[in-house]
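The next block is data36.txt, given as compact mmCIF, C-alpha atoms.
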# COMPACT_ATOMS: atom_id res chain seq x y z
CA MET A 181 120.47 24.12 76.22
CA SER A 182 120.07 24.85 72.56
CA LYS A 183 117.43 27.43 73.40
CA PHE A 184 119.99 29.75 74.94
CA ASN A 185 122.68 29.27 72.38
CA LYS A 186 120.49 30.49 69.60
CA LYS A 187 120.00 33.87 71.18
CA LYS A 188 123.57 34.86 70.68
CA ASP A 189 123.16 34.81 66.95
CA ALA A 190 120.40 37.39 66.88
CA ALA A 191 121.34 40.97 65.91
CA LEU A 192 121.04 43.75 68.50
CA PRO A 193 117.40 44.78 68.57
CA ALA A 194 116.60 48.34 67.51
CA VAL A 195 115.58 50.67 70.32
CA ASN A 196 111.93 51.44 70.11
CA THR A 197 111.48 55.10 69.33
CA ALA A 198 107.73 55.13 69.23
CA SER A 199 107.55 57.16 72.46
CA LEU A 200 110.05 59.76 71.40
CA PRO A 201 107.32 62.09 70.10
CA ASP A 202 105.62 61.87 73.47
CA ILE A 203 108.73 62.93 75.28
CA VAL A 204 109.29 65.78 72.89
CA PHE A 205 105.72 66.93 73.24
CA MET A 206 105.99 66.74 76.98
CA LEU A 207 109.02 69.01 76.96
CA LEU A 208 107.31 71.31 74.54
CA PHE A 209 104.23 71.61 76.71
CA PHE A 210 106.35 72.14 79.79
CA PHE A 211 108.18 75.05 78.28
CA MET A 212 105.01 76.41 76.79
CA THR A 213 103.40 76.67 80.18
CA VAL A 214 106.27 78.07 82.20
CA THR A 215 107.44 80.76 79.82
CA VAL A 216 105.90 84.15 80.35
CA MET A 217 105.41 86.05 77.17
CA LYS A 218 106.90 89.48 77.36
CA ASP A 219 105.11 91.79 75.02
CA SER A 220 107.62 94.57 75.22
CA THR A 221 111.33 94.50 75.63
CA LEU A 222 112.47 96.62 78.50
CA LYS A 223 114.46 99.65 77.55
CA VAL A 224 114.64 100.98 81.07
CA GLU A 225 116.23 99.65 84.21
CA ASN A 226 113.50 98.07 86.26
CA VAL A 227 114.44 97.03 89.75
CA LEU A 228 111.13 97.16 91.58
CA PRO A 229 110.94 98.11 95.25
CA ASN A 230 109.92 95.63 97.94
CA ALA A 231 106.66 95.65 99.88
CA THR A 232 104.83 93.31 102.20
CA GLU A 233 101.18 94.38 102.01
CA ILE A 234 100.78 93.32 98.41
CA LYS A 235 97.90 92.01 96.38
CA LYS A 236 98.20 89.86 93.32
CA LEU A 237 97.25 91.16 89.92
CA GLU A 238 94.96 88.29 89.02
CA LYS A 239 93.81 88.82 85.49
CA LYS A 240 96.44 89.70 82.94
CA ASP A 241 93.98 90.89 80.32
CA ARG A 242 92.77 93.66 82.59
CA VAL A 243 96.11 95.28 83.14
CA ILE A 244 97.86 98.08 81.31
CA TYR A 245 101.57 98.35 82.01
CA ILE A 246 103.65 101.49 82.32
CA TYR A 247 107.38 101.19 82.87
CA VAL A 248 109.53 103.90 84.39
CA GLY A 249 113.24 103.93 85.01
CA LYS A 250 116.64 105.04 83.78
CA PRO A 251 117.35 104.12 80.16
CA THR A 252 119.56 101.03 79.94
CA ARG A 253 123.15 101.41 78.90
CA GLU A 254 122.61 101.15 75.15
CA TYR A 255 120.04 103.93 75.21
CA GLU A 256 121.93 106.09 77.66
CA LYS A 257 123.65 108.06 74.92
CA THR A 258 120.47 109.00 73.15
CA TYR A 259 118.16 109.50 76.09
CA GLY A 260 120.43 110.49 78.96
CA THR A 261 120.41 109.13 82.47
CA GLU A 262 117.24 110.75 83.78
CA SER A 263 114.28 108.46 84.48
CA LYS A 264 112.06 107.91 81.47
CA ILE A 265 108.65 106.45 80.80
CA GLN A 266 108.35 103.46 78.52
CA LEU A 267 105.02 102.72 76.87
CA ASN A 268 104.95 99.52 74.81
CA ASP A 269 108.27 99.67 72.97
CA LYS A 270 108.87 103.39 72.95
CA PHE A 271 110.14 106.03 75.29
CA ALA A 272 107.46 108.57 75.93
CA ASP A 273 106.74 111.81 77.65
CA ALA A 274 104.40 112.08 80.63
CA SER A 275 101.90 113.94 78.44
CA GLU A 276 101.53 110.89 76.17
CA VAL A 277 100.40 108.62 79.00
CA GLY A 278 96.78 109.72 78.77
CA ASP A 279 96.52 108.96 75.05
CA TYR A 280 98.24 105.63 75.55
CA ILE A 281 95.76 104.61 78.25
CA LEU A 282 92.81 105.62 76.08
CA MET A 283 94.26 103.68 73.15
CA GLU A 284 94.88 100.56 75.21
CA ARG A 285 91.46 100.84 76.78
CA ALA A 286 89.83 101.00 73.35
CA LYS A 287 91.59 97.75 72.39
CA LYS A 288 90.03 95.83 75.26
CA PRO A 289 86.58 94.25 75.05
CA GLN A 290 83.70 96.46 76.10
CA GLU A 291 82.92 94.66 79.34
CA LEU A 292 86.47 95.00 80.60
CA GLN A 293 86.90 98.68 79.86
CA ASN A 294 85.62 99.78 83.24
CA VAL A 295 87.62 97.37 85.36
CA LEU A 296 91.10 98.00 84.00
CA THR A 297 94.06 98.43 86.33
CA THR A 298 97.15 100.39 85.48
CA ALA A 299 100.26 98.63 86.72
CA LEU A 300 103.12 101.02 87.37
CA LYS A 301 106.40 99.17 87.14
CA VAL A 302 108.76 101.76 88.43
CA ASP A 303 112.44 101.46 89.23
CA LYS A 304 113.05 102.20 92.89
CA GLU A 305 115.63 104.85 92.06
CA ALA A 306 113.14 106.93 90.09
CA ASN A 307 111.96 110.27 91.44
CA MET A 308 108.41 110.91 92.53
CA GLY A 309 108.11 113.89 90.18
CA ILE A 310 107.67 111.70 87.14
CA ILE A 311 105.24 109.46 89.05
CA SER A 312 103.16 112.47 90.04
CA ASP A 313 102.99 113.54 86.41
CA ILE A 314 101.81 110.06 85.43
CA LYS A 315 99.25 110.02 88.22
CA GLN A 316 97.94 113.38 87.10
CA GLU A 317 97.58 112.08 83.54
CA LEU A 318 95.85 108.96 84.76
CA ARG A 319 93.38 111.05 86.69
CA LYS A 320 92.65 113.10 83.58
CA VAL A 321 91.59 110.01 81.64
CA ASN A 322 89.79 108.58 84.67
CA ALA A 323 92.03 105.53 85.02
CA LEU A 324 91.93 105.65 88.79
CA LYS A 325 92.78 102.09 89.69
CA VAL A 326 96.53 101.75 89.93
CA ASN A 327 98.83 99.06 91.18
CA TYR A 328 102.36 99.91 92.21
CA THR A 329 103.98 96.68 91.18
CA THR A 330 106.57 95.51 93.69
CA TYR A 331 108.48 92.46 94.73
CA GLU A 332 107.53 90.70 97.90
CA GLY A 333 110.06 91.46 100.60
CA ASP A 334 110.99 93.69 103.49
CA ALA A 335 109.96 97.23 102.59
CA PHE A 336 112.76 98.77 104.62
CA ARG A 337 115.32 97.43 102.19
CA ASN A 338 114.13 100.10 99.74
CA LEU A 339 115.72 102.75 101.89
CA GLN A 340 119.26 101.58 101.49
CA MET B 96 108.14 29.80 64.21
CA PRO B 97 109.70 32.89 62.68
CA LYS B 98 110.29 34.87 65.88
CA ARG B 99 111.79 32.12 67.80
CA GLY B 100 114.98 33.07 69.57
CA ALA B 101 114.79 36.80 68.99
CA PRO B 102 114.62 38.76 72.27
CA PRO B 103 111.10 39.86 73.10
CA GLU B 104 110.36 43.48 72.31
CA VAL B 105 109.74 45.80 75.23
CA ASN B 106 106.20 46.94 75.22
CA ALA B 107 106.29 50.69 74.73
CA GLY B 108 102.58 51.19 74.68
CA SER B 109 102.51 52.64 78.17
CA MET B 110 105.31 55.10 77.53
CA ALA B 111 102.82 57.67 76.33
CA ASP B 112 100.90 57.30 79.56
CA ILE B 113 104.01 57.93 81.59
CA ALA B 114 104.80 60.97 79.48
CA PHE B 115 101.33 62.37 79.99
CA LEU B 116 101.53 61.68 83.67
CA LEU B 117 104.70 63.75 83.90
CA LEU B 118 103.17 66.45 81.75
CA ILE B 119 100.14 66.70 83.98
CA PHE B 120 102.34 66.74 87.06
CA PHE B 121 104.31 69.73 85.76
CA LEU B 122 101.18 71.45 84.57
CA VAL B 123 99.68 71.26 88.00
CA THR B 124 102.75 72.18 90.01
CA THR B 125 104.19 75.07 88.03
CA THR B 126 102.64 78.42 88.68
CA ILE B 127 103.08 81.09 86.12
CA GLU B 128 104.58 84.10 87.76
CA THR B 129 102.03 86.78 88.46
CA ASP B 130 102.75 90.36 89.27
CA ALA B 131 101.85 91.67 92.67
CA GLY B 132 101.87 95.09 94.21
CA LEU B 133 100.12 97.73 96.22
CA ASP B 134 96.62 98.51 94.97
CA ARG B 135 95.61 102.14 95.24
CA MET B 136 92.79 104.31 93.98
CA LEU B 137 93.59 107.77 92.68
CA PRO B 138 91.22 110.58 93.56
CA PRO B 139 88.94 111.69 90.71
CA ILE B 140 90.01 114.88 89.02
CA GLU B 141 86.79 116.83 89.34
CA PRO B 142 86.57 118.48 92.73
CA PRO B 143 83.68 117.42 94.94
CA ASP B 144 80.63 119.67 94.68
CA THR B 145 80.59 120.62 98.28
CA ASP B 146 83.63 121.48 100.27
CA VAL B 147 83.77 119.19 103.21
CA ILE B 148 85.23 120.74 106.29
CA ILE B 149 87.50 118.31 108.03
CA LYS B 150 88.69 118.98 111.52
CA GLN B 151 92.43 119.28 111.83
CA LYS B 152 92.56 116.61 114.50
CA ASN B 153 91.08 114.06 112.10
CA ILE B 154 93.92 114.47 109.63
CA PHE B 155 97.20 112.64 110.00
CA GLN B 156 99.63 114.49 107.81
CA VAL B 157 102.61 112.57 106.44
CA ASN B 158 105.25 114.49 104.54
CA ILE B 159 108.26 112.98 102.82
CA ASN B 160 111.04 115.32 101.84
CA ARG B 161 113.64 114.90 99.11
CA ASP B 162 116.13 113.19 101.42
CA GLY B 163 113.63 110.58 102.45
CA GLN B 164 112.98 112.12 105.86
CA LEU B 165 109.52 111.84 107.26
CA LEU B 166 107.35 114.37 108.98
CA ALA B 167 104.34 112.71 110.61
CA ASP B 168 101.93 115.07 112.33
CA ASP B 169 104.63 117.77 112.48
CA GLU B 170 107.15 115.51 114.16
CA LEU B 171 110.27 114.14 112.55
CA THR B 172 109.66 110.40 112.54
CA ASN B 173 111.66 107.34 111.64
CA ILE B 174 109.89 105.32 108.94
CA LYS B 175 110.08 102.27 111.22
CA ASP B 176 107.84 104.04 113.76
CA LEU B 177 105.32 105.20 111.20
CA ARG B 178 103.13 102.14 111.35
CA ALA B 179 102.73 102.34 115.12
CA LYS B 180 101.93 106.04 114.88
CA ALA B 181 99.36 105.52 112.15
CA ILE B 182 97.72 102.74 114.14
CA ALA B 183 97.60 104.93 117.25
CA PHE B 184 95.95 107.68 115.20
CA LEU B 185 93.39 105.46 113.46
CA ASP B 186 92.52 103.47 116.53
CA ASN B 187 92.26 106.47 118.81
CA GLY B 188 88.46 106.82 118.92
CA GLY B 189 88.45 110.22 120.63
CA ALA B 190 84.73 110.87 120.37
CA PRO B 191 83.03 110.65 123.78
CA SER B 192 80.75 107.69 124.40
CA GLY B 193 77.17 108.53 123.57
CA SER B 194 78.04 110.74 120.60
CA ALA B 195 77.24 109.60 117.06
CA ASP B 196 80.88 108.99 116.20
CA TYR B 197 81.64 106.89 119.24
CA CYS B 198 83.83 103.94 118.31
CA SER B 199 83.08 100.95 120.50
CA TYR B 200 85.75 98.65 119.09
CA CYS B 201 88.64 101.11 119.27
CA LYS B 202 91.41 100.21 121.65
CA GLY B 203 93.37 103.44 121.43
CA LYS B 204 94.06 106.12 124.00
CA ARG B 205 90.80 108.00 123.33
CA ASP B 206 92.74 111.21 123.19
CA VAL B 207 90.41 114.13 122.53
CA ALA B 208 93.10 115.90 120.53
CA SER B 209 93.44 113.03 118.05
CA SER B 210 90.98 111.41 115.62
CA ASP B 211 87.29 111.00 116.55
CA SER B 212 86.71 107.58 114.99
CA PRO B 213 88.27 105.40 112.28
CA ALA B 214 85.54 106.48 109.87
CA LYS B 215 86.54 110.11 110.29
CA ALA B 216 90.29 109.64 110.38
CA ILE B 217 92.11 110.60 107.21
CA ILE B 218 95.74 110.02 106.42
CA SER B 219 97.14 112.56 104.01
CA LEU B 220 100.35 111.70 102.21
CA LYS B 221 102.46 114.38 100.62
CA ASN B 222 105.77 114.03 98.89
CA ASP B 223 108.40 116.09 97.16
CA ARG B 224 109.17 115.75 93.46
CA GLU B 225 112.68 114.64 94.36
CA THR B 226 111.57 111.91 96.73
CA LYS B 227 112.84 108.47 95.77
CA TYR B 228 110.15 106.07 94.59
CA GLY B 229 111.51 103.36 96.88
CA THR B 230 110.97 105.55 99.94
CA TYR B 231 107.49 106.43 98.79
CA ILE B 232 106.58 102.76 98.41
CA THR B 233 107.94 101.99 101.87
CA VAL B 234 105.75 104.71 103.36
CA GLN B 235 102.72 103.54 101.37
CA ASN B 236 103.44 100.00 102.50
CA GLU B 237 103.58 101.04 106.15
CA LEU B 238 100.33 102.99 105.94
CA VAL B 239 98.49 100.17 104.17
CA GLY B 240 100.08 97.86 106.74
CA ALA B 241 98.62 99.95 109.57
CA TYR B 242 95.14 99.54 108.12
CA ASN B 243 95.70 95.84 107.55
CA ASP B 244 96.91 95.32 111.12
CA LEU B 245 93.80 96.95 112.52
CA ARG B 246 91.51 95.10 110.13
CA ASN B 247 93.19 91.83 111.01
CA ARG B 248 92.61 92.52 114.68
CA GLU B 249 88.89 93.10 114.15
CA ALA B 250 88.57 90.13 111.80
CA GLN B 251 90.22 87.90 114.39
CA ARG B 252 87.80 89.16 117.01
CA LEU B 253 84.67 88.73 114.86
CA PHE B 254 85.47 85.84 112.55
CA LYS B 255 88.60 84.27 114.08
CA ARG B 256 90.48 84.79 110.85
CA ASP B 257 92.88 87.31 109.33
CA PHE B 258 91.34 89.98 107.13
CA THR B 259 94.15 89.83 104.57
CA ASP B 260 93.60 86.09 104.32
CA MET B 261 89.85 86.53 103.77
CA GLU B 262 90.36 89.24 101.21
CA ALA B 263 92.88 87.18 99.27
CA GLU B 264 90.44 84.28 99.14
CA TYR B 265 87.63 86.60 98.12
CA LEU B 266 89.67 88.07 95.28
CA ASN B 267 90.95 84.70 94.09
CA PRO B 268 89.00 83.76 90.94
CA GLU B 269 89.23 80.08 91.83
CA THR B 270 87.13 80.49 94.96
CA PRO B 271 83.65 78.97 94.48
CA ASP B 272 80.80 81.46 94.22
CA ASN B 273 78.94 80.45 97.37
CA VAL B 274 82.07 80.84 99.50
CA ARG B 275 82.73 84.16 97.87
CA GLU B 276 79.25 85.50 98.60
CA GLU B 277 79.77 84.68 102.24
CA LEU B 278 83.20 86.28 102.31
CA LYS B 279 81.99 89.40 100.55
CA GLU B 280 79.83 90.37 103.50
CA LYS B 281 82.54 89.72 106.04
CA VAL B 282 85.13 91.63 104.04
CA LYS B 283 82.71 94.51 103.60
CA ARG B 284 81.95 94.60 107.30
CA ILE B 285 85.60 94.80 108.28
CA GLN B 286 86.28 97.41 105.62
CA ASP B 287 83.48 99.52 107.06
CA LEU B 288 84.99 99.31 110.52
CA PHE B 289 88.28 100.73 109.27
CA PRO B 290 87.65 102.42 105.92
CA GLN B 291 90.86 103.16 104.09
CA LYS B 292 91.02 106.91 103.77
CA LEU B 293 94.42 107.63 102.39
CA SER B 294 94.54 110.83 100.47
CA GLU B 295 97.41 111.58 98.14
CA ALA B 296 97.82 115.26 97.70
CA GLU B 297 99.54 116.64 94.66
CA THR B 298 103.28 116.86 95.02
CA SER B 299 104.83 120.08 96.12
CA SER B 300 107.31 121.39 93.60
CA ASN B 301 109.61 123.38 95.81
Rewritten as structure tokens:
Amino acid sequence: MSKFNKKKDAALPAVNTASLPDIVFMLLFFFMTVTVMKDSTLKVENVLPNATEIKKLEKKDRVIYIYVGKPTREYEKTYGTESKIQLNDKFADASEVGDYILMERAKKPQELQNVLTTALKVDKEANMGIISDIKQELRKVNALKVNYTTYEGDAFRNLQ
Amino acid sequence: MPKRGAPPEVNAGSMADIAFLLLIFFLVTTTIETDAGLDRMLPPIEPPDTDVIIKQKNIFQVNINRDGQLLADDELTNIKDLRAKAIAFLDNGGAPSGSADYCSYCKGKRDVASSDSPAKAIISLKNDRETKYGTYITVQNELVGAYNDLRNREAQRLFKRDFTDMEAEYLNPETPDNVREELKEKVKRIQDLFPQKLSEAETSSN
């Protein structure tokens, strides 16, 4: 029985922490993969409409984003409550859209320049007037492929 | 015997394996959110060289006013009925059998006063500057839906599969090349049966 008695004397063994880095790395990788990098902070309200007949925007590097909507509360004082266009981090006028597209297009690699899509992320409360102006500008710079970005859902809910 | 009596250490060598297993599991199962929406092509700005004369009966005019009311072919229409109306127009196939435009796969009423064939039928969408974007998207969605419904019907008949399903697989970059080649032809064939001719006129300002 002496075998068992001796055990009691031993000090509490230290917990092995050799795998702690692994766990930390695992968490790190997990968060790295699930977080979507936002390249511009939204300054406009952006509740997209719903649609059912949607197609996915597959390749992120081939997309140029344009945001439209009412300025959020903190910008309301300076920019009013009318719908505004946001390009990158700035509010812009419809006439600046063309230049912005050309600039963004120039940044992309040569082989992608002809297959770019313009994603219009427009708040559902916005008026079509501003959209028409944007469309007109897009046509001027020959950026004809557009995607009206929407959520997936019943389209009739937009009407309420 | 120096270690005698001390409790045996737990072997932690496999902990890293477990961690990697979990990591790989999450990597595989999480999908990074992708944007989705309605794809549309804008008309080029330079006017076509020759003016094409389109018969009035081949145009389905959709007007949205500032209050979100809909005028489809000069009739006040509920948006919920728009899809059915658009399908009836596209699928009409009014050209008499024997003529060049005759549409053999159309299942419509073959009304002489409506469109000749899906290839000739054009839907023209017009909106006011004050129209809400949400309403506009709903109308766009219904019109694209009308095309998709018809294309699905033909794809089911020819290939026993939905067109939208085939197109999604064709556009998916993960689809192997040989499958994609095969799909390309099928998708093209269905698209030719019901070409999407949705013209967006410039907005009226009054």
Let me make sure I understand: among A:Ile246, A:Ile281, A:Ala194, A:Ala231, which one has the smallest atom-to-atom distance to chain B if we use all atoms listed in the file?
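Nearest candidate to chain B out of A:Ile246, A:Ile281, A:Ala194, A:Ala231: A:Ala231.
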Residues near Arg178 (chain B), anyone? I mean within 10 Å using only C-alpha atoms, not counting same-chain ones fewer than 6 positions away, as a ChimeraX atom specification.
/B:184,234,236-242,244
Using all atoms listed in the file, which of B:Gly189, B:Pro138, B:Pro268, B:Pro102 sits nearest Pro193 (chain A)?
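For Pro193 (chain A), the nearest of the given residues is B:Pro102.
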Which chain B residues have any atom within 7 Å of an atom of chain A, and for each, what is the nearest pair of atoms with distance in Å to one decimal, counting only C-alpha atoms, rows sorted by chain and number, as a Markdown table?
| residue | atom | partner | partner_atom | distance |
| --- | --- | --- | --- | --- |
| B:Gly100 | CA | A:Lys187 | CA | 5.3 |
| B:Ala101 | CA | A:Ala190 | CA | 6.0 |
| B:Ala107 | CA | A:Ser199 | CA | 7.0 |
| B:Met110 | CA | A:Ser199 | CA | 5.9 |
| B:Ala111 | CA | A:Asp202 | CA | 5.8 |
| B:Ala114 | CA | A:Ile203 | CA | 6.1 |
| B:Leu118 | CA | A:Met206 | CA | 5.5 |
| B:Phe121 | CA | A:Phe210 | CA | 6.8 |
| B:Thr125 | CA | A:Val214 | CA | 6.9 |
| B:Ile127 | CA | A:Val214 | CA | 5.9 |
| B:Thr129 | CA | A:Leu237 | CA | 6.6 |
| B:Asp130 | CA | A:Leu237 | CA | 5.6 |
| B:Ala131 | CA | A:Lys236 | CA | 4.1 |
| B:Gly132 | CA | A:Thr329 | CA | 4.0 |
| B:Leu133 | CA | A:Ile234 | CA | 5.0 |
| B:Asp134 | CA | A:Asn327 | CA | 4.4 |
| B:Arg135 | CA | A:Val326 | CA | 5.4 |
| B:Met136 | CA | A:Lys325 | CA | 4.8 |
| B:Leu137 | CA | A:Leu324 | CA | 4.7 |
| B:Pro138 | CA | A:Leu324 | CA | 6.9 |
| B:Pro139 | CA | A:Arg319 | CA | 6.0 |
| B:Ile140 | CA | A:Arg319 | CA | 5.6 |
| B:Asp223 | CA | A:Met308 | CA | 6.9 |
| B:Arg224 | CA | A:Gly309 | CA | 3.9 |
| B:Glu225 | CA | A:Asn307 | CA | 5.3 |
| B:Thr226 | CA | A:Met308 | CA | 5.4 |
| B:Lys227 | CA | A:Asn307 | CA | 4.8 |
| B:Tyr228 | CA | A:Lys304 | CA | 5.1 |
| B:Gly229 | CA | A:Lys304 | CA | 4.4 |
| B:Thr230 | CA | A:Leu339 | CA | 5.8 |
| B:Thr233 | CA | A:Ala335 | CA | 5.2 |
| B:Asn236 | CA | A:Ala231 | CA | 6.0 |
| B:Val239 | CA | A:Glu233 | CA | 6.7 |
| B:Gly240 | CA | A:Glu233 | CA | 6.0 |
| B:Thr298 | CA | A:Ser312 | CA | 6.6 |
Suppose you want the space between CA of Phe155 (chain B) and CA of Ser210 (chain B); what is it in Å?
8.5 Å
Residues near Tyr259 (chain A), anyone? I mean within 12 Å using all atoms listed in the file, not counting same-chain ones fewer than 3 positions away, as a ChimeraX atom specification.
/A:223-224,249-256,262-266,270-273
Neighbours of point (94.3, 103.2, 119.1) within 12 Å, using all atoms listed in the file, written as an MDAnalysis selection string:
chainID B and resid 178:189 198:206 209:213 216 241:242 244:245 248 289
Do you have the CA of Gly260 (chain A)-CA of Thr221 (chain A) distance handy?
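Between these atoms lies a distance of 18.7 Å.
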Between B:Lys150, B:Arg246, B:Lys279, B:Lys221, which one has atoms that come closest to Glu295 (chain B), using all atoms listed in the file?
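Residue with the minimum atom-to-atom distance to Glu295 (chain B): B:Lys221.
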Quote the spacing between CA of Ala286 (chain A) and CA of Ala263 (chain B) in Å to one decimal place.
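Pair CA of Ala286 (chain A) / CA of Ala263 (chain B) returns 29.5 Å.
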Could you work out an axis-aligned box for region 261-274 of chain B, taking every atom the file lists and adding 4 Å on each side, and report centre and edge lengths in Å to one decimal, as lines of an AutoDock Vina configuration file?
center_x = 85.9
center_y = 84.1
center_z = 97.4
size_x = 21.9
size_y = 18.3
size_z = 20.8
